>>> print(open('final10.txt').read())   # compact mmCIF, C-alpha atoms and all ligand atoms
# COMPACT_ATOMS: atom_id res chain seq x y z
CA MET Y 160 -16.41 7.32 3.34
CA ASP Y 161 -17.65 4.17 4.98
CA LEU Y 162 -20.37 4.14 7.63
CA ALA Y 163 -17.92 4.87 10.46
CA ASP Y 164 -16.43 7.83 8.54
CA LEU Y 165 -19.91 9.21 7.92
CA THR Y 166 -20.93 8.82 11.56
CA ASN Y 167 -17.81 10.74 12.56
CA ALA Y 168 -18.34 13.43 9.98
CA LEU Y 169 -21.94 14.02 11.09
CA GLY Y 170 -20.90 14.44 14.71
CA PRO Y 171 -22.69 13.44 17.92
CA ALA Y 172 -25.58 15.86 17.43
CA GLU Y 173 -27.18 13.73 14.70
CA PRO Y 174 -29.02 10.48 15.52
CA ALA Y 175 -27.04 7.38 14.57
CA PHE Y 176 -29.44 6.27 11.82
CA ARG Y 177 -28.68 9.39 9.75
CA ALA Y 178 -25.30 8.00 8.70
CA ALA Y 179 -26.99 4.81 7.49
CA GLN Y 180 -29.55 6.82 5.53
CA ILE Y 181 -26.81 8.81 3.86
CA TYR Y 182 -24.76 5.69 3.15
CA ASP Y 183 -27.77 4.10 1.48
CA ALA Y 184 -28.46 7.23 -0.56
CA VAL Y 185 -24.89 7.46 -1.85
CA TYR Y 186 -24.04 3.85 -2.54
CA ARG Y 187 -27.37 2.16 -3.14
CA GLN Y 188 -29.58 4.87 -4.57
CA ARG Y 189 -26.62 6.65 -6.20
CA VAL Y 190 -28.02 10.12 -5.62
CA GLU Y 191 -26.22 12.90 -7.45
CA ASN Y 192 -26.79 15.67 -4.91
CA TRP Y 193 -27.88 15.99 -1.28
CA GLU Y 194 -31.13 17.71 -2.25
CA ALA Y 195 -32.29 14.37 -3.67
CA VAL Y 196 -32.09 12.59 -0.31
CA SER Y 197 -35.69 13.25 0.64
CA ASN Y 198 -35.68 11.33 3.94
CA LEU Y 199 -33.20 13.79 5.46
CA PRO Y 200 -34.42 16.99 7.17
CA LYS Y 201 -33.97 20.03 4.93
CA PRO Y 202 -31.49 21.80 7.24
CA LEU Y 203 -29.27 18.72 7.28
CA ARG Y 204 -29.32 18.54 3.47
CA ALA Y 205 -28.24 22.17 3.36
CA ARG Y 206 -25.50 21.56 5.91
CA LEU Y 207 -24.24 18.57 3.93
CA ALA Y 208 -24.19 20.56 0.71
CA GLU Y 209 -22.03 23.13 2.40
CA THR Y 210 -19.70 21.03 4.54
CA LEU Y 211 -19.59 17.60 2.94
CA PRO Y 212 -19.81 17.84 -0.85
CA LEU Y 213 -20.84 14.57 -2.47
CA GLY Y 214 -17.71 14.82 -4.56
CA LEU Y 215 -18.55 12.54 -7.47
CA PRO Y 216 -16.23 13.04 -10.43
CA ALA Y 217 -17.79 14.97 -13.31
CA ILE Y 218 -18.05 13.55 -16.82
CA GLU Y 219 -15.82 15.77 -18.92
CA LYS Y 220 -15.99 13.77 -22.15
CA ARG Y 221 -17.59 10.55 -23.25
CA TYR Y 222 -16.23 8.63 -26.25
CA VAL Y 223 -18.44 5.91 -27.68
CA SER Y 224 -16.78 3.13 -29.68
CA ALA Y 225 -18.32 1.33 -32.63
CA ASP Y 226 -18.32 -1.82 -30.45
CA GLY Y 227 -20.42 -0.18 -27.71
CA THR Y 228 -17.51 0.50 -25.34
CA VAL Y 229 -17.63 3.92 -23.71
CA ARG Y 230 -14.53 5.72 -22.49
CA TYR Y 231 -15.27 8.34 -19.85
CA LEU Y 232 -12.85 11.15 -19.20
CA LEU Y 233 -13.71 12.20 -15.65
CA ARG Y 234 -12.77 15.41 -13.93
CA LEU Y 235 -11.83 15.20 -10.25
CA ALA Y 236 -12.27 17.86 -7.58
CA ASP Y 237 -8.73 19.24 -8.10
CA GLY Y 238 -9.22 19.52 -11.86
CA LYS Y 239 -7.15 16.44 -12.74
CA THR Y 240 -8.76 13.94 -15.07
CA VAL Y 241 -8.85 10.17 -15.11
CA GLU Y 242 -10.44 7.49 -17.28
CA THR Y 243 -13.08 4.84 -16.75
CA VAL Y 244 -14.24 2.40 -19.42
CA TRP Y 245 -17.67 0.78 -19.78
CA MET Y 246 -17.65 -2.48 -21.77
CA PRO Y 247 -21.06 -3.96 -22.45
CA GLU Y 248 -21.59 -7.54 -23.58
CA ALA Y 249 -24.72 -9.50 -24.38
CA ASP Y 250 -25.75 -10.36 -20.83
CA ARG Y 251 -23.21 -8.53 -18.68
CA ALA Y 252 -20.92 -5.54 -18.54
CA THR Y 253 -17.48 -4.71 -17.22
CA ILE Y 254 -16.36 -1.39 -15.79
CA CYS Y 255 -12.61 -0.76 -15.98
CA ILE Y 256 -11.53 1.73 -13.33
CA SER Y 257 -8.33 3.64 -12.61
CA SER Y 258 -6.46 3.60 -9.30
CA GLN Y 259 -4.07 6.50 -9.92
CA VAL Y 260 -3.82 9.55 -12.19
CA GLY Y 261 -1.10 8.41 -14.57
CA CYS Y 262 1.30 5.64 -13.59
CA ALA Y 263 4.84 5.24 -12.30
CA VAL Y 264 5.49 1.77 -13.69
CA ASP Y 265 6.77 2.98 -17.09
CA CYS Y 266 5.99 -0.07 -19.25
CA LYS Y 267 7.40 0.58 -22.71
CA PHE Y 268 4.29 -0.58 -24.57
CA CYS Y 269 1.74 1.43 -22.56
CA LEU Y 270 0.53 4.97 -23.25
CA THR Y 271 -0.41 5.68 -19.63
CA ALA Y 272 3.30 5.41 -18.80
CA ARG Y 273 3.91 8.57 -20.85
CA MET Y 274 1.95 10.58 -18.28
CA GLY Y 275 4.15 9.62 -15.36
CA LEU Y 276 2.49 9.42 -11.97
CA GLU Y 277 0.43 12.48 -11.06
CA ARG Y 278 -1.19 11.23 -7.86
CA ASN Y 279 -3.04 8.43 -6.11
CA LEU Y 280 -6.82 8.35 -6.28
CA THR Y 281 -8.73 8.39 -3.01
CA ALA Y 282 -11.03 5.49 -2.15
CA GLY Y 283 -13.91 7.84 -2.93
CA GLU Y 284 -12.55 8.62 -6.38
CA ILE Y 285 -12.13 4.92 -7.11
CA VAL Y 286 -15.67 4.06 -6.00
CA GLY Y 287 -16.98 7.27 -7.63
CA GLN Y 288 -15.95 5.93 -11.04
CA VAL Y 289 -18.19 2.89 -10.56
CA LEU Y 290 -21.08 4.99 -9.23
CA LEU Y 291 -20.86 7.34 -12.19
CA ALA Y 292 -20.53 4.68 -14.87
CA ALA Y 293 -23.35 2.66 -13.30
CA SER Y 294 -25.65 5.69 -13.19
CA SER Y 295 -24.71 6.88 -16.63
CA GLN Y 296 -25.45 3.40 -18.01
CA ARG Y 297 -28.59 2.99 -15.90
CA VAL Y 298 -27.38 -0.13 -14.10
CA THR Y 299 -30.13 -1.11 -11.67
CA ALA Y 300 -29.58 -2.33 -8.13
CA PRO Y 301 -29.01 -5.01 -7.00
CA VAL Y 302 -26.23 -4.81 -9.51
CA ASP Y 303 -26.68 -7.62 -11.95
CA ARG Y 304 -23.87 -9.31 -13.86
CA LEU Y 305 -21.50 -6.40 -13.43
CA ASN Y 306 -17.75 -6.98 -13.35
CA ILE Y 307 -15.19 -4.49 -12.13
CA VAL Y 308 -11.59 -4.57 -13.29
CA MET Y 309 -8.96 -2.37 -11.71
CA MET Y 310 -7.03 -2.20 -14.95
CA GLY Y 311 -7.28 1.44 -15.91
CA GLN Y 312 -4.67 4.09 -15.28
CA GLY Y 313 -2.26 3.35 -12.48
CA GLU Y 314 -0.73 0.51 -10.50
CA PRO Y 315 -3.31 -0.52 -7.87
CA LEU Y 316 -0.77 -2.16 -5.56
CA LEU Y 317 1.08 1.16 -5.28
CA ASN Y 318 -2.16 2.63 -3.86
CA LEU Y 319 -3.18 -0.43 -1.87
CA ALA Y 320 -4.82 1.17 1.18
CA ASN Y 321 -7.25 3.16 -0.96
CA VAL Y 322 -7.86 0.23 -3.29
CA ILE Y 323 -8.74 -1.99 -0.33
CA LYS Y 324 -11.03 0.59 1.18
CA ALA Y 325 -12.72 1.03 -2.21
CA THR Y 326 -13.13 -2.76 -2.50
CA ARG Y 327 -14.86 -2.90 0.89
CA LEU Y 328 -17.25 -0.17 -0.22
CA LEU Y 329 -17.93 -1.80 -3.59
CA THR Y 330 -18.63 -5.21 -2.05
CA ASP Y 331 -20.68 -4.11 0.98
CA PRO Y 332 -24.11 -5.79 0.78
CA GLU Y 333 -25.58 -2.66 2.42
CA GLY Y 334 -24.15 -0.59 -0.41
CA MET Y 335 -23.35 -1.54 -3.98
CA GLY Y 336 -23.10 -5.23 -3.12
CA ILE Y 337 -20.77 -6.30 -5.92
CA PRO Y 338 -19.38 -9.73 -4.96
CA PRO Y 339 -15.57 -9.90 -4.52
CA ARG Y 340 -15.38 -12.58 -7.19
CA ARG Y 341 -16.62 -10.05 -9.73
CA ILE Y 342 -13.78 -7.62 -9.00
CA THR Y 343 -10.28 -8.14 -10.39
CA LEU Y 344 -7.16 -6.15 -9.66
CA SER Y 345 -4.25 -6.25 -12.09
CA THR Y 346 -0.69 -5.56 -11.01
CA ALA Y 347 2.62 -5.20 -12.80
CA GLY Y 348 4.01 -7.33 -9.96
CA ILE Y 349 4.79 -5.26 -6.87
CA VAL Y 350 6.04 -8.30 -4.99
CA PRO Y 351 5.78 -7.26 -1.29
CA LYS Y 352 2.31 -5.83 -1.89
CA ILE Y 353 1.06 -9.14 -3.29
CA ALA Y 354 1.56 -10.79 0.09
CA GLU Y 355 -0.07 -7.80 1.77
CA LEU Y 356 -3.10 -8.11 -0.50
CA GLY Y 357 -3.32 -11.80 0.33
CA ARG Y 358 -3.74 -10.98 4.01
CA GLU Y 359 -6.90 -8.94 3.39
CA THR Y 360 -10.16 -10.75 4.05
CA ILE Y 361 -12.12 -8.70 1.51
CA ARG Y 362 -10.05 -8.41 -1.63
CA PRO Y 363 -10.43 -8.56 -5.39
CA LYS Y 364 -9.18 -11.44 -7.50
CA LEU Y 365 -5.57 -11.06 -8.55
CA ALA Y 366 -4.24 -10.70 -12.09
CA ILE Y 367 -0.55 -10.28 -12.83
CA SER Y 368 0.94 -8.65 -15.91
CA LEU Y 369 3.71 -11.07 -16.82
CA ASN Y 370 4.46 -9.78 -20.32
CA ALA Y 371 7.84 -11.49 -20.61
CA SER Y 372 9.12 -14.95 -19.73
CA TYR Y 373 12.63 -14.12 -18.56
CA GLU Y 374 14.22 -11.56 -16.32
CA ASP Y 375 16.22 -9.49 -18.82
CA GLN Y 376 13.37 -8.98 -21.21
CA ARG Y 377 10.91 -8.22 -18.42
CA ARG Y 378 13.25 -5.53 -17.10
CA GLU Y 379 13.54 -3.97 -20.50
CA LEU Y 380 9.81 -3.90 -21.15
CA MET Y 381 8.74 -3.10 -17.59
CA PRO Y 382 11.55 -1.13 -15.92
CA ILE Y 383 9.89 -1.24 -12.49
CA THR Y 384 10.57 -4.97 -12.39
CA ARG Y 385 14.26 -4.20 -11.89
CA LYS Y 386 13.21 -3.87 -8.30
CA TYR Y 387 10.80 -6.79 -8.22
CA HIS Y 388 12.46 -9.80 -9.80
CA LEU Y 389 10.64 -12.43 -11.78
CA LYS Y 390 11.88 -15.19 -9.46
CA ASP Y 391 10.47 -13.39 -6.42
CA LEU Y 392 7.23 -12.65 -8.28
CA MET Y 393 6.77 -16.35 -9.01
CA GLU Y 394 7.53 -17.17 -5.38
CA ALA Y 395 4.89 -14.64 -4.23
CA CYS Y 396 2.41 -16.26 -6.63
CA ARG Y 397 3.10 -19.74 -5.26
CA ALA Y 398 2.63 -18.45 -1.71
CA TYR Y 399 -0.53 -16.47 -2.52
CA PRO Y 400 -3.55 -17.70 -0.51
CA LEU Y 401 -6.13 -18.37 -3.23
CA ARG Y 402 -9.74 -18.78 -2.13
CA THR Y 403 -11.44 -22.06 -3.06
CA TRP Y 404 -13.13 -20.52 -6.12
CA GLU Y 405 -10.15 -18.51 -7.25
CA LYS Y 406 -7.40 -18.84 -9.86
CA LEU Y 407 -4.58 -16.43 -10.57
CA THR Y 408 -4.75 -14.69 -13.93
CA PHE Y 409 -1.62 -13.85 -15.87
CA GLU Y 410 -1.74 -11.24 -18.60
CA TYR Y 411 0.78 -11.31 -21.41
CA VAL Y 412 1.00 -8.53 -23.99
CA LEU Y 413 2.20 -9.95 -27.30
CA LEU Y 414 4.69 -7.72 -29.11
CA LYS Y 415 5.50 -8.72 -32.67
CA GLY Y 416 8.94 -10.28 -32.97
CA VAL Y 417 9.82 -9.40 -29.37
CA ASN Y 418 8.11 -11.79 -26.94
CA ASP Y 419 5.79 -13.80 -29.21
CA ASN Y 420 7.79 -16.76 -30.52
CA ASP Y 421 7.37 -20.43 -29.68
CA ALA Y 422 10.28 -20.44 -27.24
CA ASP Y 423 8.67 -17.54 -25.35
CA ALA Y 424 5.43 -19.50 -25.14
CA ARG Y 425 7.27 -22.56 -23.82
CA ARG Y 426 8.99 -20.46 -21.16
CA VAL Y 427 5.60 -19.08 -20.11
CA VAL Y 428 4.44 -22.67 -19.71
CA GLN Y 429 7.47 -23.52 -17.58
CA LEU Y 430 6.84 -20.56 -15.32
CA LEU Y 431 3.14 -21.19 -14.85
CA ALA Y 432 2.52 -24.91 -15.27
CA HIS Y 433 2.47 -25.61 -11.53
CA LEU Y 434 0.25 -22.71 -10.55
CA ASN Y 435 -3.54 -22.71 -10.30
CA CYS Y 436 -3.96 -20.12 -13.01
CA LYS Y 437 -5.12 -19.04 -16.42
CA VAL Y 438 -3.50 -16.84 -19.02
CA ASN Y 439 -4.97 -13.90 -20.93
CA LEU Y 440 -3.02 -12.99 -24.04
CA ILE Y 441 -3.37 -9.40 -25.26
CA ALA Y 442 -2.14 -8.61 -28.77
CA LEU Y 443 -0.57 -5.16 -28.54
CA ASN Y 444 -2.97 -2.26 -28.90
CA PRO Y 445 -0.95 0.30 -30.83
CA GLY Y 446 -0.57 3.93 -29.86
CA PRO Y 447 1.31 7.01 -31.02
CA GLY Y 448 4.99 6.65 -30.17
CA ILE Y 449 4.72 3.05 -28.98
CA PRO Y 450 7.76 1.35 -30.57
CA PHE Y 451 6.15 -2.08 -31.04
CA GLU Y 452 3.84 -3.79 -33.50
CA THR Y 453 0.85 -6.06 -33.15
CA PRO Y 454 1.56 -9.71 -34.03
CA ASP Y 455 -0.44 -11.38 -36.80
CA PRO Y 456 -3.48 -13.35 -35.65
CA ALA Y 457 -1.85 -16.62 -36.74
CA ARG Y 458 1.13 -15.97 -34.43
CA VAL Y 459 -1.22 -15.20 -31.55
CA ALA Y 460 -3.10 -18.45 -32.22
CA THR Y 461 0.10 -20.52 -32.26
CA PHE Y 462 1.29 -18.93 -29.02
CA GLN Y 463 -2.07 -19.66 -27.44
CA ALA Y 464 -2.00 -23.28 -28.63
CA ILE Y 465 1.37 -23.86 -26.95
CA VAL Y 466 0.37 -22.28 -23.64
CA ARG Y 467 -3.01 -24.01 -23.66
CA ARG Y 468 -1.40 -27.43 -23.47
CA ALA Y 469 -0.45 -26.61 -19.88
CA VAL Y 470 -2.84 -23.92 -18.62
CA PRO Y 471 -6.16 -22.44 -19.78
CA CYS Y 472 -5.26 -19.64 -22.17
CA PHE Y 473 -7.51 -17.02 -23.75
CA VAL Y 474 -7.00 -14.15 -26.15
CA ARG Y 475 -8.44 -10.91 -24.80
CA LYS Y 476 -10.66 -9.21 -27.34
CA PRO Y 477 -9.71 -5.54 -27.67
CA ARG Y 478 -12.52 -3.18 -26.73
CA GLY Y 479 -12.92 0.42 -27.78
CA LEU Y 480 -9.74 0.57 -29.90
CA ASP Y 481 -11.23 3.31 -32.08
CA VAL Y 482 -11.69 5.65 -29.09
CA PHE Y 483 -8.45 4.82 -27.25
CA ALA Y 484 -10.27 2.82 -24.59
CA ALA Y 485 -8.39 -0.49 -24.91
CA CYS Y 486 -5.62 -1.90 -22.67
CA GLY Y 487 -2.60 0.37 -22.66
CA GLN Y 488 -4.37 3.25 -24.41
CA LEU Y 489 -5.59 5.32 -21.46
CA LYS Y 490 -3.84 8.65 -21.70
CA ARG Y 491 -6.72 11.11 -21.62
CA MET Y 492 -6.51 11.17 -25.43
CA GLU Y 493 -8.77 13.91 -26.79
CA LEU Y 494 -10.50 12.91 -30.00
CA VAL Y 495 -12.02 15.22 -32.51
CA THR Y 496 -15.36 14.03 -33.79
CA ILE Y 497 -15.82 14.89 -37.43
CA ALA Y 498 -19.37 15.98 -37.97
CA GLY Y 499 -21.54 14.63 -40.81
N1 LIG M 501 -0.62 -1.37 -13.78
C1 LIG M 501 -1.46 -2.54 -13.71
C2 LIG M 501 -2.88 -2.27 -14.16
C3 LIG M 501 -3.04 -1.98 -15.64
S1 LIG M 501 -3.78 -3.35 -16.35
C4 LIG M 501 -0.81 -3.67 -14.50
O1 LIG M 501 0.22 -3.45 -15.10
O2 LIG M 501 -1.31 -4.79 -14.48
C5 LIG M 501 -3.52 -3.03 -18.03
C6 LIG M 501 -3.08 -4.26 -18.78
O3 LIG M 501 -2.88 -3.87 -20.14
C7 LIG M 501 -1.77 -4.82 -18.28
O4 LIG M 501 -1.80 -6.21 -18.29
C8 LIG M 501 -0.77 -4.32 -19.32
O5 LIG M 501 0.33 -5.17 -19.42
C9 LIG M 501 -1.62 -4.31 -20.58
N2 LIG M 501 -1.17 -3.35 -21.59
C10 LIG M 501 -0.47 -2.21 -21.40
N3 LIG M 501 -0.24 -1.61 -22.56
C11 LIG M 501 -0.79 -2.36 -23.53
C12 LIG M 501 -0.90 -2.25 -24.94
N4 LIG M 501 -0.37 -1.22 -25.60
N5 LIG M 501 -1.57 -3.20 -25.61
C13 LIG M 501 -2.12 -4.25 -24.95
N6 LIG M 501 -2.05 -4.40 -23.62
C14 LIG M 501 -1.39 -3.47 -22.91
>>> encode(input="final10.txt", output="structure tokens", more="lines below")
Ligand code: SAH
Amino acid sequence: MDLADLTNALGPAEPAFRAAQIYDAVYRQRVENWEAVSNLPKPLRARLAETLPLGLPAIEKRYVSADGTVRYLLRLADGKTVETVWMPEADRATICISSQVGCAVDCKFCLTARMGLERNLTAGEIVGQVLLAASSQRVTAPVDRLNIVMMGQGEPLLNLANVIKATRLLTDPEGMGIPPRRITLSTAGIVPKIAELGRETIRPKLAISLNASYEDQRRELMPITRKYHLKDLMEACRAYPLRTWEKLTFEYVLLKGVNDNDADARRVVQLLAHLNCKVNLIALNPGPGIPFETPDPARVATFQAIVRRAVPCFVRKPRGLDVFAACGQLKRMELVTIAG
């Protein structure tokens, strides 16, 4: 809920400032129950508890990687679960959030695809993941050096209205106050929705999962792109209204012997050379039943060297591989911890 939703929900009997107090309690103070909002009259707290549950997801499981990454398995109000990943670094941290339960895109190298799409997340469930991870990791407000990536389960552009509403809540200076430039949304390339996103005034940065350099291969690896052709995707990227400080990001999953040779790299260059962009290479994170292998580091380095001649190109460091927290591994995997 934003401030207007809260004002509506409270009804005309409550003074207008109550909604602002509640908004501050939820998004800035990150209270975990209405009892904790001590500036509200007791009867109102009781009424809220009964009629307007705070509705934060519950932490069902928490898997801590050797590299400090934490994968949260969160339980939603209807019992479904979704994943959120906390990735600390020396002086900053990134929270990777989900936009849907499961995913409909069906990429052949991604474990989330095996779940199929279960449902969209509400704006509250998207924001709730950030609130929970921030509280659990004791992030203090104003939120310092925190990045949000919408790169968890789901295809954010297939749940655009809720993703946009969540972005407004996350960025609101009266609430969490995370600057839009610290939030990135990644899409498999839902072409018409890219233009729609571009028309929003408050929106995350845009990353696009390219993953193949020509139409046939892209269709094979990412079946949804049968509908959204590479040519049209590139056209949407050229037309995308970047802000002055913004670049497009292209992600490219490297699959050994499939899309990782020098000719592939040169085709990536041809596609992207005239765009204001950078490239993030991701060497495949393996998973049970994923019919691809991870390329050798030397192959990754050669691919990077070719792309880098034309556009900035980085290799994404895998985080939380040991607890199934890395890119393409989010499938509510339950791990058994072996004691002692
Ligand atoms: N559906 C959106 C958001 C997910 S972002 C999208 O496709 O962009 C997750 C990123 O991880 C995507 O760039 C995806 O291509 C990549 N990915 C998926 N499976 C992977 C795997 N097994 N190893 C490495 N990267 C993977």
>>> atom_distance(input="final10.txt", atom1="CA of Phe473 in chain Y", atom2="CA of Lys437 in chain Y")
8.0 Å
>>> residues_near_ligand(input="final10.txt", ligand="ligand LIG 501 (chain M)", cutoff="9 Å", atoms="all atoms listed in the file", output="MDAnalysis selection string")
chainID Y and resid 257:258 262:264 266:272 308:316 344:348 366:370 381 409:414 439:446 449 451 453 477 485:489
>>> write_last_selection(input="final10.txt", atoms="C-alpha atoms", output="PDB file, in the frame of the given file")
ATOM      1  CA  SER Y 257      -8.330   3.640 -12.610  1.00  0.00           C
ATOM      2  CA  SER Y 258      -6.460   3.600  -9.300  1.00  0.00           C
ATOM      3  CA  CYS Y 262       1.300   5.640 -13.590  1.00  0.00           C
ATOM      4  CA  ALA Y 263       4.840   5.240 -12.300  1.00  0.00           C
ATOM      5  CA  VAL Y 264       5.490   1.770 -13.690  1.00  0.00           C
ATOM      6  CA  CYS Y 266       5.990  -0.070 -19.250  1.00  0.00           C
ATOM      7  CA  LYS Y 267       7.400   0.580 -22.710  1.00  0.00           C
ATOM      8  CA  PHE Y 268       4.290  -0.580 -24.570  1.00  0.00           C
ATOM      9  CA  CYS Y 269       1.740   1.430 -22.560  1.00  0.00           C
ATOM     10  CA  LEU Y 270       0.530   4.970 -23.250  1.00  0.00           C
ATOM     11  CA  THR Y 271      -0.410   5.680 -19.630  1.00  0.00           C
ATOM     12  CA  ALA Y 272       3.300   5.410 -18.800  1.00  0.00           C
ATOM     13  CA  VAL Y 308     -11.590  -4.570 -13.290  1.00  0.00           C
ATOM     14  CA  MET Y 309      -8.960  -2.370 -11.710  1.00  0.00           C
ATOM     15  CA  MET Y 310      -7.030  -2.200 -14.950  1.00  0.00           C
ATOM     16  CA  GLY Y 311      -7.280   1.440 -15.910  1.00  0.00           C
ATOM     17  CA  GLN Y 312      -4.670   4.090 -15.280  1.00  0.00           C
ATOM     18  CA  GLY Y 313      -2.260   3.350 -12.480  1.00  0.00           C
ATOM     19  CA  GLU Y 314      -0.730   0.510 -10.500  1.00  0.00           C
ATOM     20  CA  PRO Y 315      -3.310  -0.520  -7.870  1.00  0.00           C
ATOM     21  CA  LEU Y 316      -0.770  -2.160  -5.560  1.00  0.00           C
ATOM     22  CA  LEU Y 344      -7.160  -6.150  -9.660  1.00  0.00           C
ATOM     23  CA  SER Y 345      -4.250  -6.250 -12.090  1.00  0.00           C
ATOM     24  CA  THR Y 346      -0.690  -5.560 -11.010  1.00  0.00           C
ATOM     25  CA  ALA Y 347       2.620  -5.200 -12.800  1.00  0.00           C
ATOM     26  CA  GLY Y 348       4.010  -7.330  -9.960  1.00  0.00           C
ATOM     27  CA  ALA Y 366      -4.240 -10.700 -12.090  1.00  0.00           C
ATOM     28  CA  ILE Y 367      -0.550 -10.280 -12.830  1.00  0.00           C
ATOM     29  CA  SER Y 368       0.940  -8.650 -15.910  1.00  0.00           C
ATOM     30  CA  LEU Y 369       3.710 -11.070 -16.820  1.00  0.00           C
ATOM     31  CA  ASN Y 370       4.460  -9.780 -20.320  1.00  0.00           C
ATOM     32  CA  MET Y 381       8.740  -3.100 -17.590  1.00  0.00           C
ATOM     33  CA  PHE Y 409      -1.620 -13.850 -15.870  1.00  0.00           C
ATOM     34  CA  GLU Y 410      -1.740 -11.240 -18.600  1.00  0.00           C
ATOM     35  CA  TYR Y 411       0.780 -11.310 -21.410  1.00  0.00           C
ATOM     36  CA  VAL Y 412       1.000  -8.530 -23.990  1.00  0.00           C
ATOM     37  CA  LEU Y 413       2.200  -9.950 -27.300  1.00  0.00           C
ATOM     38  CA  LEU Y 414       4.690  -7.720 -29.110  1.00  0.00           C
ATOM     39  CA  ASN Y 439      -4.970 -13.900 -20.930  1.00  0.00           C
ATOM     40  CA  LEU Y 440      -3.020 -12.990 -24.040  1.00  0.00           C
ATOM     41  CA  ILE Y 441      -3.370  -9.400 -25.260  1.00  0.00           C
ATOM     42  CA  ALA Y 442      -2.140  -8.610 -28.770  1.00  0.00           C
ATOM     43  CA  LEU Y 443      -0.570  -5.160 -28.540  1.00  0.00           C
ATOM     44  CA  ASN Y 444      -2.970  -2.260 -28.900  1.00  0.00           C
ATOM     45  CA  PRO Y 445      -0.950   0.300 -30.830  1.00  0.00           C
ATOM     46  CA  GLY Y 446      -0.570   3.930 -29.860  1.00  0.00           C
ATOM     47  CA  ILE Y 449       4.720   3.050 -28.980  1.00  0.00           C
ATOM     48  CA  PHE Y 451       6.150  -2.080 -31.040  1.00  0.00           C
ATOM     49  CA  THR Y 453       0.850  -6.060 -33.150  1.00  0.00           C
ATOM     50  CA  PRO Y 477      -9.710  -5.540 -27.670  1.00  0.00           C
ATOM     51  CA  ALA Y 485      -8.390  -0.490 -24.910  1.00  0.00           C
ATOM     52  CA  CYS Y 486      -5.620  -1.900 -22.670  1.00  0.00           C
ATOM     53  CA  GLY Y 487      -2.600   0.370 -22.660  1.00  0.00           C
ATOM     54  CA  GLN Y 488      -4.370   3.250 -24.410  1.00  0.00           C
ATOM     55  CA  LEU Y 489      -5.590   5.320 -21.460  1.00  0.00           C
TER      56      LEU Y 489
END
>>> closest_residue(input="final10.txt", among="Y:Leu305, Y:Val428, Y:Leu380, Y:Leu211", to="Pro338 in chain Y", atoms="all atoms listed in the file")
Y:Leu305
>>> closest_residue(input="final10.txt", among="Y:Val466, Y:Ala484, Y:Ile337, Y:Ile323", to="Thr360 in chain Y", atoms="all atoms listed in the file")
Y:Ile323
>>> atom_distance(input="final10.txt", atom1="CA of Glu209 in chain Y", atom2="CA of Arg327 in chain Y")
27.0 Å
>>> closest_residue(input="final10.txt", among="Y:Val438, Y:Val241, Y:Leu328, Y:Ile349", to="Ala163 in chain Y", atoms="all atoms listed in the file")
Y:Leu328
>>> atom_distance(input="final10.txt", atom1="CA of Pro174 in chain Y", atom2="CA of Leu203 in chain Y")
11.7 Å
>>> residues_near_point(input="final10.txt", point="(-23.5, -9.0, -20.3)", cutoff="12 Å", atoms="only C-alpha atoms", output="list in words")
Gly227, Trp245, Met246, Pro247, Glu248, Ala249, Asp250, Arg251, Ala252, Thr253, Ile254, Val298, Val302, Asp303, Arg304, Leu305 and Asn306 of chain Y
>>> residues_around(input="final10.txt", residues="Thr403 in chain Y", least_positions_apart="4", cutoff="12 Å", atoms="only C-alpha atoms", output="list in words")
Arg340, Lys364, Leu407 and Asn435 of chain Y
>>> axis_aligned_box(input="final10.txt", around="range 271-280 of chain Y", padding_each_side="6 Å", output="JSON")
{"center_x": -1.3, "center_y": 8.9, "center_z": -13.5, "size_x": 23.0, "size_y": 19.1, "size_z": 26.7}
>>> residues_around(input="final10.txt", residues="Val223 in chain Y", least_positions_apart="6", cutoff="9 Å", atoms="only C-alpha atoms", output="PyMOL selection string")
chain Y and resi 229-231+479+481-482
>>> residues_near_point(input="final10.txt", point="(-7.9, -10.2, 1.1)", cutoff="10 Å", atoms="all atoms listed in the file", output="tab-separated table (two decimals) with C-alpha atoms, in the coordinates of the input")
chain	number	residue	atom	x	y	z
Y	323	ILE	CA	-8.74	-1.99	-0.33
Y	326	THR	CA	-13.13	-2.76	-2.50
Y	339	PRO	CA	-15.57	-9.90	-4.52
Y	354	ALA	CA	1.56	-10.79	0.09
Y	355	GLU	CA	-0.07	-7.80	1.77
Y	356	LEU	CA	-3.10	-8.11	-0.50
Y	357	GLY	CA	-3.32	-11.80	0.33
Y	358	ARG	CA	-3.74	-10.98	4.01
Y	359	GLU	CA	-6.90	-8.94	3.39
Y	360	THR	CA	-10.16	-10.75	4.05
Y	361	ILE	CA	-12.12	-8.70	1.51
Y	362	ARG	CA	-10.05	-8.41	-1.63
Y	363	PRO	CA	-10.43	-8.56	-5.39
Y	364	LYS	CA	-9.18	-11.44	-7.50
Y	365	LEU	CA	-5.57	-11.06	-8.55
Y	400	PRO	CA	-3.55	-17.70	-0.51
Y	401	LEU	CA	-6.13	-18.37	-3.23
Y	402	ARG	CA	-9.74	-18.78	-2.13
>>> closest_atom_pairs(input="final10.txt", of="range 305-423 of chain Y", to="range 185-190 of chain Y", cutoff="12 Å", atoms="all atoms listed in the file", output="Markdown table")
| residue | atom | partner | partner_atom | distance |
| --- | --- | --- | --- | --- |
| Y:Ala325 | CA | Y:Tyr186 | CA | 11.7 |
| Y:Arg327 | CA | Y:Tyr186 | CA | 11.9 |
| Y:Leu328 | CA | Y:Tyr186 | CA | 8.2 |
| Y:Leu329 | CA | Y:Tyr186 | CA | 8.4 |
| Y:Thr330 | CA | Y:Tyr186 | CA | 10.6 |
| Y:Asp331 | CA | Y:Tyr186 | CA | 9.3 |
| Y:Pro332 | CA | Y:Arg187 | CA | 9.4 |
| Y:Glu333 | CA | Y:Arg187 | CA | 7.6 |
| Y:Gly334 | CA | Y:Tyr186 | CA | 4.9 |
| Y:Met335 | CA | Y:Arg187 | CA | 5.5 |
| Y:Gly336 | CA | Y:Arg187 | CA | 8.5 |
| Y:Ile337 | CA | Y:Arg187 | CA | 11.1 |
